[in-house]
Number of protein chains: 2
Amino acid sequence: GTGTDNDLYINQAVVFIEDAIQYRSINHRVDSKSLWLYRWYYSRTCQWILSLTITIILALAFIEKPSSLTVTSDVRYRLPAWNPPCGLTESIELLCFLVFVVDVSVKSYLIGWEEFWKNKWLMAYILTLIVSLTDWVVSLSFLCAEDVRIRRILRPFFLLQNSSMMKKTLKSINSTLPEMASVVLLLAVHLSLFTMFAMLLFARTKDGQQDKEWVGYFRNLPESLTSLLVLLTTANNPDVMIPAYSKNRAYSIFFILFTVLGNLFLMNLLTAIIYNQFRGYLLKSVQSSLFRRRLGIRAAFEVLSSLKETPANAQQSYVSVGALLQVLQKVEMDCRCKQAITRSLKMCSCDQLSATQFQKLFEELDKDAIKQHPPSPEYQSNFMQKMQFAFGHAYFGYLGNVVALANIISICVVLVMDADKQPSERDDFFLGAINCFFILYYLLEMLLKILALGLKRYLSYPSNRFDGLLTVILLVLEIATFAVYGFPHPGWRPEFMGLLSLWDMVRLVNMLIVFRFLRIIPNMKFMALVVTTLLDLVKNLRAFAGILVVVFYAFAITGIMLFKGAVVPLGNIRFFYFFLFQTSFYIKIVVVYFKEKCDFMACFGDFQAEVIYCLLYLLFVNLICRWAKIYFVVWWLISSVIWVNLFVALLLENFIHKWDRRCHREPLSDIEYQRTVELMFRDVLEEPTEEELMEKLHQHPHLQLCR
Amino acid sequence: GTGTDNDLYINQAVVFIEDAIQYRSINHRVDSKSLWLYRWYYSRTCQWILSLTITIILALAFIEKPSSLTVTSDVRYRLPAWNPPCGLTESIELLCFLVFVVDVSVKSYLIGWEEFWKNKWLMAYILTLIVSLTDWVVSLSFLCAEDVRIRRILRPFFLLQNSSMMKKTLKSINSTLPEMASVVLLLAVHLSLFTMFAMLLFARTKDGQQDKEWVGYFRNLPESLTSLLVLLTTANNPDVMIPAYSKNRAYSIFFILFTVLGNLFLMNLLTAIIYNQFRGYLLKSVQSSLFRRRLGIRAAFEVLSSLKETPANAQQSYVSVGALLQVLQKVEMDCRCKQAITRSLKMCSCDQLSATQFQKLFEELDKDAIKQHPPSPEYQSNFMQKMQFAFGHAYFGYLGNVVALANIISICVVLVMDADKQPSERDDFFLGAINCFFILYYLLEMLLKILALGLKRYLSYPSNRFDGLLTVILLVLEIATFAVYGFPHPGWRPEFMGLLSLWDMVRLVNMLIVFRFLRIIPNMKFMALVVTTLLDLVKNLRAFAGILVVVFYAFAITGIMLFKGAVVPLGNIRFFYFFLFQTSFYIKIVVVYFKEKCDFMACFGDFQAEVIYCLLYLLFVNLICRWAKIYFVVWWLISSVIWVNLFVALLLENFIHKWDRRCHREPLSDIEYQRTVELMFRDVLEEPTEEELMEKLHQHPHLQLCR
């Protein structure tokens, strides 16, 4: 009947507007039941459960068998890690898989059968689930004693498929790959030609004294290739050329040529290429988000305009204000936006809204809340007003900064004086006394500021919140110290009591004071600019960081699987280093640190444990050297070369936009930074045209528009 | 009289046109004698003498006392370097100074008294000369035994002041300094806050076993600062955190945070800032060159139009064709350009030239010669024509590439097989035989190509010249080998004879073959693009490289002066490493290599010499540690941080321009790359307006224009 139809239209409009708010695609089923399912699926609870499930399944690696969480990484002191019994992690895994099965079924149903076949991500999702479940069954049937667990490598896929940003970013990276491959090919050619040169140049000679270079670095093809590859990561930089250089200085020309061509030119060319590809990336992604938002709003308009209560108008479609109000009540959106839209709806005296008016109403969504600080309290007494003026003034804040700086300097002085003293000689009186004084000042500053600004206004500034919180913590720590150890006096050096020793307490207080010093940042213009750029960057980097986590995880698991049999105690160091960014360091560890240090230690051989420790490492290095090499080279290429360059590209992009804006516009106000990317690009964004929107709407697989 | 006036005008026009060709400023004296002096000063001989003088005075450092040129850098085997007698280098220096005195006097005279006071570079030049000459007198009066020689540090100034490009670049760098300083300040804040944290975190504990981190890296303030600073250069990356990490894994968070913030964010921010500043640099410099050229031409027009023979015309000034032809005869310029201009002058039927026509004539200067390859010979016989078609075809070139690749692979195979053999077991027959075959093929290829293309056309392609030259060298080497050692046969392993052993000959041949393989570059599109970008870059980088040389030189001399007393044998290693680019390597040597290696060697203490060698280094490290630290930090900031970032910025700038052009235009032809920067920017350059030119002309300090 008409009523149900109308309800359906209203519901459709609600969902489309919610899609617009969240920048989601509107290509989903639009019948009543599906809409209910859709809203349920995208409700906060459901999405939160899904995220939690992904986190849990990824975190499983930390407690699963070969890798272990222990405090120390030193095999000599380390307690054996806790090994969960067979079936514990597996049952958690099964629960996660079940959640994913529900997720993929709902998703597939919602986008419809036809779209499903076109959606490669969903297909891959289903395939991954099938493989994982099969692997899980195999695992249980071996009673958790099987060697290879494919499903672990597949786990990061669940993270990847859940984020549209990450999928988009991956697509961008994918389109850059051909050019990156060209440069990597160039690097390979560079490397192989220089390897051949090196082998001819540093050949074995009859005089055994003369061929140190050959013995050390260019004994055969794989070793030469490795030496030069590691030189490309700058890990073995001067060492590799020292023997040749001390024979004849002219040999250095070879190495300099190699480094300049490889490191300075080709590596930076990679940066240039990636930057060039990603120059428009942010703008494009913001543009497509804008298009999705406008499309959702327009779709809502179209379904609302086909409500039966609207008078049929051949020329133009209209939406009644009443229907829109009804929709707005149902939509889940930011309170402020809803109020603003309702207000402008009531102010507009008309009864009908055209498409343009409708669109304009929802432009409120694009605007950031302009934060208004609550007013200061108004005091009657003249004295209080003067107090308010004095302590509400910016100079009082500067005075606070100066005092904080003085505190830092005093701590620094004490640290320098105490540097070489034995712990038993240390007298904590001086530091205790000055810290007590400074913390009292901080407390006074906080109270006076609250007096001047009022509690609400005080708390509305982020810098004050940061300040106040630290001051309160410092106060609590100081009171606890005095309660346990009494007031400071000369020779104040009590023994260990309670949870923390006095020395630890004092150190903690000092660290917090150093941390509190960061409050000066917003006061310095350039620093503030840099910090906001960095914050922007962190926001924009989330998708990249996600992809990095995916790659790291897959690599770590592969590494654990590949090198499991070889060395047991390595497990954790390795796992940790994967989470370090620059793998050239890692290569350095394997090539330089383990090998040389161990030779050294093994020769001295004082401590039995150390020798065993070292022998194990050497075993590792020698036994699986070939696999390890390939593994590390791929790893280095991905994490150090490609990812770092992507990072630099994004940083350049972000910073240059920011900088241009700073130069063109009036200086930003002190506290209200426009942080969202949308706002950053507002001047250059193009509004989609009516035709584009309607064409896209007519392509919708489930929505039949009347006209 | 009128004749002398006319002669003067003609001469002025000649000089102005030459200024335009060389992009020189026209603000110099314009009377007859000065013009003669000006042309003499800018003549090739004079400029060549000046450059030679600068080279000589800079090169003196290689033979002067504390640094020495020897083949090996190893103090144990090194012969004492040749010490020139007192007065030898000094008299060369005096000659150079005299040339500079002449240079500065001529320059000052030519720009005139008023301009001289405004020109800070000239003042600095004179000051430098005075200081140098005083220092020289002092030096001689001490009989070359004085400690400090200030004039050596001042030497690179002579290089700097002689190049207008370098002066311009220095100005650009100068304008970037405030922002760079901000980032460096941020880095300093970052470093000092983290140092304080580290000192509080890794404090000395009562348990001696537990504070390895404190002992190793954070013993006091300077040591902590150094540890973290070196961590910023990534030189001690995993080592510094290993003790803390093996105590508690959570300590790694501190180091990761430090590295991510410092290395990933702040360092790359520096790249972004420098790139942002240099984005328009190339365009701006090309634009100002264009302005100088147009101004020179316009000035020539103006002086020619005031020739008496020209009919006075109130409205517009004209130049007679005859006068211009007279000027053209006197001007020193590219032959091709001169012919082209004369030709168009004769083709234009008019007798008078307006300013626009005059300017248009000289646009020929902006055009690059379009290289036309001489035609192939035309053969009568049918057979020869077929031969010509076959061997002139591109596929024949590809076949040559395939053969070269096969040769490379065969050498590689032999190298791999021979890798572990003793030199006495090696059989050179196989390699000798195949190389002989391949070189014959190369010879045949060259001859057939010459047959097909004709010698002139063959030589007109750079790739053919490269090819042919290497083929001829290879042939000569091969013939020499056969002449000395006979033809190859199994067991061909003759003893050392003549200048080079057979083995060395074969190695040399192989290296040349590997080098010859580079001929494939123009055949691969992406490679060709990259190579041309790199060539462009090298061209644009000349000014930067010059400044780098200046800085390197000053640093090297300062270093030698600072550390002279401490360690004598270090002299040369140090000098050499200054010419390496990345000083993080150098810091690494000092901090890691010398210290650890020497500890190790000293403990073993087998070779007396090595122990002494090491003790000397340790002495160096400990004695002048503080000076060295400051010195190295400044050096690292300048060479590694700032210069590398400048390089990256220029590379980005160059590459992105190139890339954009590649995408917008039709693909480049195979051989004619447009290499000059002017051509790269032709589309975006703005022609200066008539008003700008005339305003600038009226500001000329020596030229009085009639109107």
# chains A, B, ... in the order shown; residues from 1 in each chain; ligands from 1

call {"tool": "residues_around", "arguments": {"residues": "B:Phe655", "least_positions_apart": "6", "cutoff": "12 Å", "atoms": "only C-alpha atoms", "output": "list in words"}}
result
Phe265, Leu266, Asn268, Leu269, Leu270, Thr271, Ala272, Ile273, Ile274, Tyr275, Asn276 and Gln277 of chain A; Arg279, Leu529, Val530, Val531, Thr532, Thr533, Leu534, Leu535, Asp536, Leu537, Asn540, Phe647, Val648, Ala649, Arg661, Arg662 and Met680 of chain B

call {"tool": "write_last_selection", "arguments": {"atoms": "C-alpha atoms", "output": "compact mmCIF listing (two decimals), in the first residue's frame"}}
result
# COMPACT_ATOMS: atom_id res chain seq x y z
CA PHE A 265 70.82 8.53 -8.07
CA LEU A 266 68.80 5.37 -8.43
CA ASN A 268 66.33 8.86 -5.02
CA LEU A 269 64.89 8.30 -8.46
CA LEU A 270 62.57 5.84 -6.78
CA THR A 271 61.50 8.59 -4.39
CA ALA A 272 60.89 10.89 -7.34
CA ILE A 273 58.83 8.30 -9.19
CA ILE A 274 56.71 7.44 -6.19
CA TYR A 275 56.21 11.09 -5.32
CA ASN A 276 55.22 11.82 -8.90
CA GLN A 277 52.65 9.04 -8.84
CA ARG B 279 60.58 24.00 -6.50
CA LEU B 529 64.62 8.48 -19.86
CA VAL B 530 66.39 7.82 -16.59
CA VAL B 531 69.81 8.29 -18.12
CA THR B 532 68.85 11.58 -19.77
CA THR B 533 67.35 12.76 -16.48
CA LEU B 534 70.57 11.92 -14.75
CA LEU B 535 72.59 13.74 -17.39
CA ASP B 536 70.35 16.78 -17.01
CA LEU B 537 70.77 16.58 -13.32
CA ASN B 540 72.11 21.44 -13.23
CA PHE B 647 70.20 16.81 -4.20
CA VAL B 648 66.92 15.00 -3.67
CA ALA B 649 65.03 18.25 -4.15
CA ARG B 661 56.74 16.58 -20.60
CA ARG B 662 56.98 12.92 -21.55
CA MET B 680 62.89 21.98 -20.93

call {"tool": "residues_around", "arguments": {"residues": "B:Tyr217", "least_positions_apart": "6", "cutoff": "9 Å", "atoms": "only C-alpha atoms", "output": "list of chain:residue names"}}
result
B:Glu223, B:Ser224, B:Thr226, B:Ser227, B:Leu228, B:Val240

call {"tool": "select_by_dssp", "arguments": {"residues": "stretch 218-352 of chain B", "states": "helix (DSSP H, G or I)", "output": "ChimeraX atom specification"}}
result
/B:221-232,237-247,251-278,281-305,321-330,335-347

call {"tool": "residues_around", "arguments": {"residues": "B:Phe391", "least_positions_apart": "3", "cutoff": "7 Å", "atoms": "only C-alpha atoms", "output": "PyMOL selection string"}}
result
chain B and resi 387-388+396+448-449+452

call {"tool": "atom_distance", "arguments": {"atom1": "atom CA of A:Cys337", "atom2": "atom CA of A:Ser32"}}
result
26.5 Å

call {"tool": "residues_around", "arguments": {"residues": "A:Leu459", "least_positions_apart": "3", "cutoff": "12 Å", "atoms": "only C-alpha atoms", "output": "PyMOL selection string"}}
result
chain A and resi 373-376+446+449-450+453-456+462-469

call {"tool": "write_last_selection", "arguments": {"atoms": "all heavy atoms", "output": "short mmCIF file (atom, residue, chain, number, x, y, z; two decimals), in the first residue's frame"}}
result
data_model
loop_
_atom_site.label_atom_id
_atom_site.label_comp_id
_atom_site.auth_asym_id
_atom_site.auth_seq_id
_atom_site.Cartn_x
_atom_site.Cartn_y
_atom_site.Cartn_z
N HIS A 373 34.83 28.51 22.99
CA HIS A 373 35.15 28.27 24.39
C HIS A 373 34.10 28.91 25.26
O HIS A 373 33.64 30.01 24.97
CB HIS A 373 36.53 28.86 24.71
CG HIS A 373 37.61 28.25 23.89
ND1 HIS A 373 38.03 26.96 24.07
CD2 HIS A 373 38.32 28.72 22.85
CE1 HIS A 373 38.96 26.68 23.19
NE2 HIS A 373 39.15 27.73 22.42
N PRO A 374 33.72 28.22 26.33
CA PRO A 374 32.75 28.83 27.25
C PRO A 374 33.31 30.12 27.83
O PRO A 374 34.52 30.29 27.90
CB PRO A 374 32.57 27.78 28.35
CG PRO A 374 33.36 26.59 27.95
CD PRO A 374 34.17 26.92 26.77
N PRO A 375 32.42 31.05 28.20
CA PRO A 375 32.91 32.36 28.68
C PRO A 375 33.57 32.24 30.06
O PRO A 375 33.31 31.29 30.81
CB PRO A 375 31.64 33.19 28.77
CG PRO A 375 30.55 32.19 28.96
CD PRO A 375 30.97 30.95 28.23
N SER A 376 34.42 33.20 30.36
CA SER A 376 35.04 33.26 31.69
C SER A 376 33.98 33.70 32.70
O SER A 376 33.00 34.37 32.33
CB SER A 376 36.17 34.29 31.72
OG SER A 376 37.05 34.05 30.66
N MET A 446 47.90 26.23 38.03
CA MET A 446 46.65 25.61 37.60
C MET A 446 45.46 26.24 38.31
O MET A 446 44.48 26.62 37.68
CB MET A 446 46.72 24.11 37.91
CG MET A 446 45.55 23.34 37.35
SD MET A 446 45.69 21.57 37.63
CE MET A 446 45.29 21.47 39.35
N LYS A 449 44.78 29.76 37.13
CA LYS A 449 44.17 29.77 35.79
C LYS A 449 42.72 29.37 35.86
O LYS A 449 41.87 29.95 35.17
CB LYS A 449 44.94 28.81 34.88
CG LYS A 449 46.06 29.49 34.13
CD LYS A 449 46.54 28.61 33.00
CE LYS A 449 47.63 29.30 32.21
NZ LYS A 449 48.26 28.38 31.27
N ILE A 450 42.41 28.37 36.69
CA ILE A 450 41.01 27.96 36.84
C ILE A 450 40.20 29.12 37.41
O ILE A 450 39.08 29.41 36.97
CB ILE A 450 40.90 26.71 37.73
CG1 ILE A 450 41.49 25.52 37.01
CG2 ILE A 450 39.45 26.43 38.09
CD1 ILE A 450 41.50 24.25 37.81
N LEU A 453 39.85 31.70 34.46
CA LEU A 453 39.09 31.30 33.27
C LEU A 453 37.80 30.58 33.61
O LEU A 453 36.91 30.47 32.76
CB LEU A 453 39.95 30.37 32.40
CG LEU A 453 41.27 30.93 31.91
CD1 LEU A 453 42.06 29.85 31.20
CD2 LEU A 453 41.03 32.10 30.98
N GLY A 454 37.69 30.09 34.82
CA GLY A 454 36.56 29.22 35.14
C GLY A 454 36.92 27.81 34.71
O GLY A 454 37.63 27.61 33.73
N LEU A 455 36.38 26.82 35.42
CA LEU A 455 36.79 25.44 35.18
C LEU A 455 36.48 25.01 33.75
O LEU A 455 37.29 24.39 33.07
CB LEU A 455 36.10 24.51 36.19
CG LEU A 455 36.58 23.06 36.14
CD1 LEU A 455 38.04 22.97 36.49
CD2 LEU A 455 35.75 22.18 37.07
N LYS A 456 35.28 25.39 33.27
CA LYS A 456 34.85 24.93 31.95
C LYS A 456 35.74 25.47 30.85
O LYS A 456 36.16 24.75 29.95
CB LYS A 456 33.41 25.33 31.70
CG LYS A 456 32.41 24.34 32.27
CD LYS A 456 31.03 24.61 31.69
CE LYS A 456 30.01 23.67 32.30
NZ LYS A 456 28.64 24.09 31.96
N PRO A 462 42.95 22.29 24.89
CA PRO A 462 43.69 21.02 25.01
C PRO A 462 45.00 21.18 25.77
O PRO A 462 45.38 20.29 26.54
CB PRO A 462 43.94 20.60 23.57
CG PRO A 462 43.27 21.57 22.70
CD PRO A 462 42.69 22.66 23.51
N SER A 463 45.67 22.33 25.58
CA SER A 463 46.96 22.49 26.26
C SER A 463 46.77 22.54 27.77
O SER A 463 47.56 22.01 28.54
CB SER A 463 47.69 23.73 25.76
OG SER A 463 46.94 24.88 26.08
N ASN A 464 45.66 23.16 28.22
CA ASN A 464 45.39 23.20 29.66
C ASN A 464 45.08 21.82 30.20
O ASN A 464 45.48 21.48 31.31
CB ASN A 464 44.21 24.13 29.93
CG ASN A 464 44.63 25.58 29.89
OD1 ASN A 464 45.82 25.87 29.91
ND2 ASN A 464 43.67 26.47 29.80
N ARG A 465 44.31 21.04 29.41
CA ARG A 465 44.00 19.68 29.86
C ARG A 465 45.27 18.89 30.08
O ARG A 465 45.46 18.22 31.09
CB ARG A 465 43.09 18.98 28.84
CG ARG A 465 41.65 19.45 28.89
CD ARG A 465 40.72 18.43 28.26
NE ARG A 465 41.01 18.24 26.84
CZ ARG A 465 40.44 18.94 25.88
NH1 ARG A 465 39.57 19.88 26.17
NH2 ARG A 465 40.72 18.71 24.61
N PHE A 466 46.18 18.99 29.07
CA PHE A 466 47.46 18.28 29.14
C PHE A 466 48.23 18.69 30.40
O PHE A 466 48.69 17.85 31.18
CB PHE A 466 48.26 18.64 27.88
CG PHE A 466 49.65 18.12 27.83
CD1 PHE A 466 49.90 16.79 27.50
CD2 PHE A 466 50.74 18.95 28.08
CE1 PHE A 466 51.19 16.31 27.44
CE2 PHE A 466 52.03 18.47 28.01
CZ PHE A 466 52.25 17.15 27.70
N ASP A 467 48.30 20.00 30.59
CA ASP A 467 48.96 20.60 31.73
C ASP A 467 48.39 20.14 33.05
O ASP A 467 49.10 19.66 33.94
CB ASP A 467 48.69 22.11 31.64
CG ASP A 467 49.94 22.90 31.70
OD1 ASP A 467 50.91 22.45 31.09
OD2 ASP A 467 49.92 23.95 32.34
N GLY A 468 47.08 20.30 33.16
CA GLY A 468 46.40 20.01 34.42
C GLY A 468 46.54 18.57 34.81
O GLY A 468 46.84 18.24 35.96
N LEU A 469 46.36 17.68 33.79
CA LEU A 469 46.44 16.25 34.08
C LEU A 469 47.82 15.92 34.65
O LEU A 469 47.93 15.23 35.68
CB LEU A 469 46.20 15.47 32.79
CG LEU A 469 46.14 13.96 32.97
CD1 LEU A 469 44.87 13.57 33.72
CD2 LEU A 469 46.19 13.25 31.63
#

call {"tool": "closest_residue", "arguments": {"among": "B:Leu705, B:Met333, B:Leu232, B:Met511", "to": "chain A", "atoms": "only C-alpha atoms"}}
result
B:Met511

call {"tool": "decode", "arguments": {"residues": "stretch 517-526 of chain A", "atoms": "all heavy atoms", "output": "PDB file, in the first residue's frame"}}
result
ATOM      1  N   PHE A 517      56.964  19.607  29.644  1.00  0.00           N
ATOM      2  CA  PHE A 517      57.604  20.721  28.953  1.00  0.00           C
ATOM      3  C   PHE A 517      57.104  20.863  27.513  1.00  0.00           C
ATOM      4  O   PHE A 517      57.207  21.921  26.909  1.00  0.00           O
ATOM      5  CB  PHE A 517      59.122  20.525  28.976  1.00  0.00           C
ATOM      6  CG  PHE A 517      59.884  21.673  28.396  1.00  0.00           C
ATOM      7  CD1 PHE A 517      59.859  22.908  29.008  1.00  0.00           C
ATOM      8  CD2 PHE A 517      60.626  21.524  27.245  1.00  0.00           C
ATOM      9  CE1 PHE A 517      60.546  23.971  28.473  1.00  0.00           C
ATOM     10  CE2 PHE A 517      61.318  22.581  26.709  1.00  0.00           C
ATOM     11  CZ  PHE A 517      61.283  23.813  27.322  1.00  0.00           C
ATOM     12  N   LEU A 518      56.530  19.784  26.982  1.00  0.00           N
ATOM     13  CA  LEU A 518      56.019  19.821  25.608  1.00  0.00           C
ATOM     14  C   LEU A 518      54.896  20.843  25.439  1.00  0.00           C
ATOM     15  O   LEU A 518      54.494  21.134  24.312  1.00  0.00           O
ATOM     16  CB  LEU A 518      55.506  18.446  25.193  1.00  0.00           C
ATOM     17  CG  LEU A 518      56.566  17.371  25.022  1.00  0.00           C
ATOM     18  CD1 LEU A 518      55.935  16.075  24.589  1.00  0.00           C
ATOM     19  CD2 LEU A 518      57.587  17.822  23.991  1.00  0.00           C
ATOM     20  N   ARG A 519      54.381  21.394  26.557  1.00  0.00           N
ATOM     21  CA  ARG A 519      53.306  22.387  26.444  1.00  0.00           C
ATOM     22  C   ARG A 519      53.754  23.639  25.708  1.00  0.00           C
ATOM     23  O   ARG A 519      52.930  24.447  25.298  1.00  0.00           O
ATOM     24  CB  ARG A 519      52.788  22.761  27.813  1.00  0.00           C
ATOM     25  CG  ARG A 519      53.825  23.422  28.692  1.00  0.00           C
ATOM     26  CD  ARG A 519      53.225  23.872  29.981  1.00  0.00           C
ATOM     27  NE  ARG A 519      53.368  25.308  30.147  1.00  0.00           N
ATOM     28  CZ  ARG A 519      52.705  26.030  31.028  1.00  0.00           C
ATOM     29  NH1 ARG A 519      51.816  25.458  31.793  1.00  0.00           N
ATOM     30  NH2 ARG A 519      52.903  27.332  31.127  1.00  0.00           N
ATOM     31  N   ILE A 520      55.068  23.823  25.564  1.00  0.00           N
ATOM     32  CA  ILE A 520      55.507  25.022  24.842  1.00  0.00           C
ATOM     33  C   ILE A 520      55.198  24.939  23.353  1.00  0.00           C
ATOM     34  O   ILE A 520      55.230  25.950  22.661  1.00  0.00           O
ATOM     35  CB  ILE A 520      57.024  25.280  25.003  1.00  0.00           C
ATOM     36  CG1 ILE A 520      57.828  24.114  24.431  1.00  0.00           C
ATOM     37  CG2 ILE A 520      57.409  25.545  26.420  1.00  0.00           C
ATOM     38  CD1 ILE A 520      59.192  24.537  23.975  1.00  0.00           C
ATOM     39  N   ILE A 521      54.922  23.718  22.837  1.00  0.00           N
ATOM     40  CA  ILE A 521      54.792  23.567  21.383  1.00  0.00           C
ATOM     41  C   ILE A 521      53.819  24.562  20.746  1.00  0.00           C
ATOM     42  O   ILE A 521      54.186  25.253  19.792  1.00  0.00           O
ATOM     43  CB  ILE A 521      54.438  22.122  21.011  1.00  0.00           C
ATOM     44  CG1 ILE A 521      55.670  21.245  21.209  1.00  0.00           C
ATOM     45  CG2 ILE A 521      53.943  22.006  19.578  1.00  0.00           C
ATOM     46  CD1 ILE A 521      55.430  19.786  20.934  1.00  0.00           C
ATOM     47  N   PRO A 522      52.571  24.685  21.242  1.00  0.00           N
ATOM     48  CA  PRO A 522      51.655  25.585  20.525  1.00  0.00           C
ATOM     49  C   PRO A 522      52.096  27.036  20.568  1.00  0.00           C
ATOM     50  O   PRO A 522      51.625  27.856  19.776  1.00  0.00           O
ATOM     51  CB  PRO A 522      50.324  25.413  21.270  1.00  0.00           C
ATOM     52  CG  PRO A 522      50.484  24.212  22.113  1.00  0.00           C
ATOM     53  CD  PRO A 522      51.932  24.057  22.402  1.00  0.00           C
ATOM     54  N   ASN A 523      53.013  27.383  21.466  1.00  0.00           N
ATOM     55  CA  ASN A 523      53.453  28.771  21.547  1.00  0.00           C
ATOM     56  C   ASN A 523      54.449  29.145  20.464  1.00  0.00           C
ATOM     57  O   ASN A 523      54.688  30.317  20.215  1.00  0.00           O
ATOM     58  CB  ASN A 523      54.077  29.055  22.914  1.00  0.00           C
ATOM     59  CG  ASN A 523      53.022  29.072  23.994  1.00  0.00           C
ATOM     60  OD1 ASN A 523      53.087  28.313  24.937  1.00  0.00           O
ATOM     61  ND2 ASN A 523      52.007  29.897  23.807  1.00  0.00           N
ATOM     62  N   MET A 524      55.046  28.119  19.830  1.00  0.00           N
ATOM     63  CA  MET A 524      56.022  28.444  18.793  1.00  0.00           C
ATOM     64  C   MET A 524      55.411  28.147  17.438  1.00  0.00           C
ATOM     65  O   MET A 524      54.999  27.021  17.162  1.00  0.00           O
ATOM     66  CB  MET A 524      57.292  27.638  19.022  1.00  0.00           C
ATOM     67  CG  MET A 524      57.969  28.053  20.315  1.00  0.00           C
ATOM     68  SD  MET A 524      59.255  26.921  20.761  1.00  0.00           S
ATOM     69  CE  MET A 524      60.548  27.433  19.660  1.00  0.00           C
ATOM     70  N   LYS A 525      55.378  29.156  16.595  1.00  0.00           N
ATOM     71  CA  LYS A 525      54.613  29.071  15.365  1.00  0.00           C
ATOM     72  C   LYS A 525      55.072  27.931  14.471  1.00  0.00           C
ATOM     73  O   LYS A 525      54.278  27.093  14.043  1.00  0.00           O
ATOM     74  CB  LYS A 525      54.750  30.382  14.605  1.00  0.00           C
ATOM     75  CG  LYS A 525      53.414  30.876  14.104  1.00  0.00           C
ATOM     76  CD  LYS A 525      53.551  32.234  13.522  1.00  0.00           C
ATOM     77  CE  LYS A 525      52.188  32.830  13.256  1.00  0.00           C
ATOM     78  NZ  LYS A 525      52.289  34.195  12.817  1.00  0.00           N
ATOM     79  N   PHE A 526      56.370  27.894  14.214  1.00  0.00           N
ATOM     80  CA  PHE A 526      56.863  26.888  13.276  1.00  0.00           C
ATOM     81  C   PHE A 526      56.663  25.495  13.841  1.00  0.00           C
ATOM     82  O   PHE A 526      56.252  24.575  13.132  1.00  0.00           O
ATOM     83  CB  PHE A 526      58.344  27.120  12.977  1.00  0.00           C
ATOM     84  CG  PHE A 526      58.863  26.198  11.932  1.00  0.00           C
ATOM     85  CD1 PHE A 526      58.601  26.433  10.603  1.00  0.00           C
ATOM     86  CD2 PHE A 526      59.580  25.074  12.283  1.00  0.00           C
ATOM     87  CE1 PHE A 526      59.055  25.569   9.649  1.00  0.00           C
ATOM     88  CE2 PHE A 526      60.034  24.207  11.336  1.00  0.00           C
ATOM     89  CZ  PHE A 526      59.780  24.460  10.005  1.00  0.00           C
TER      90      PHE A 526
END
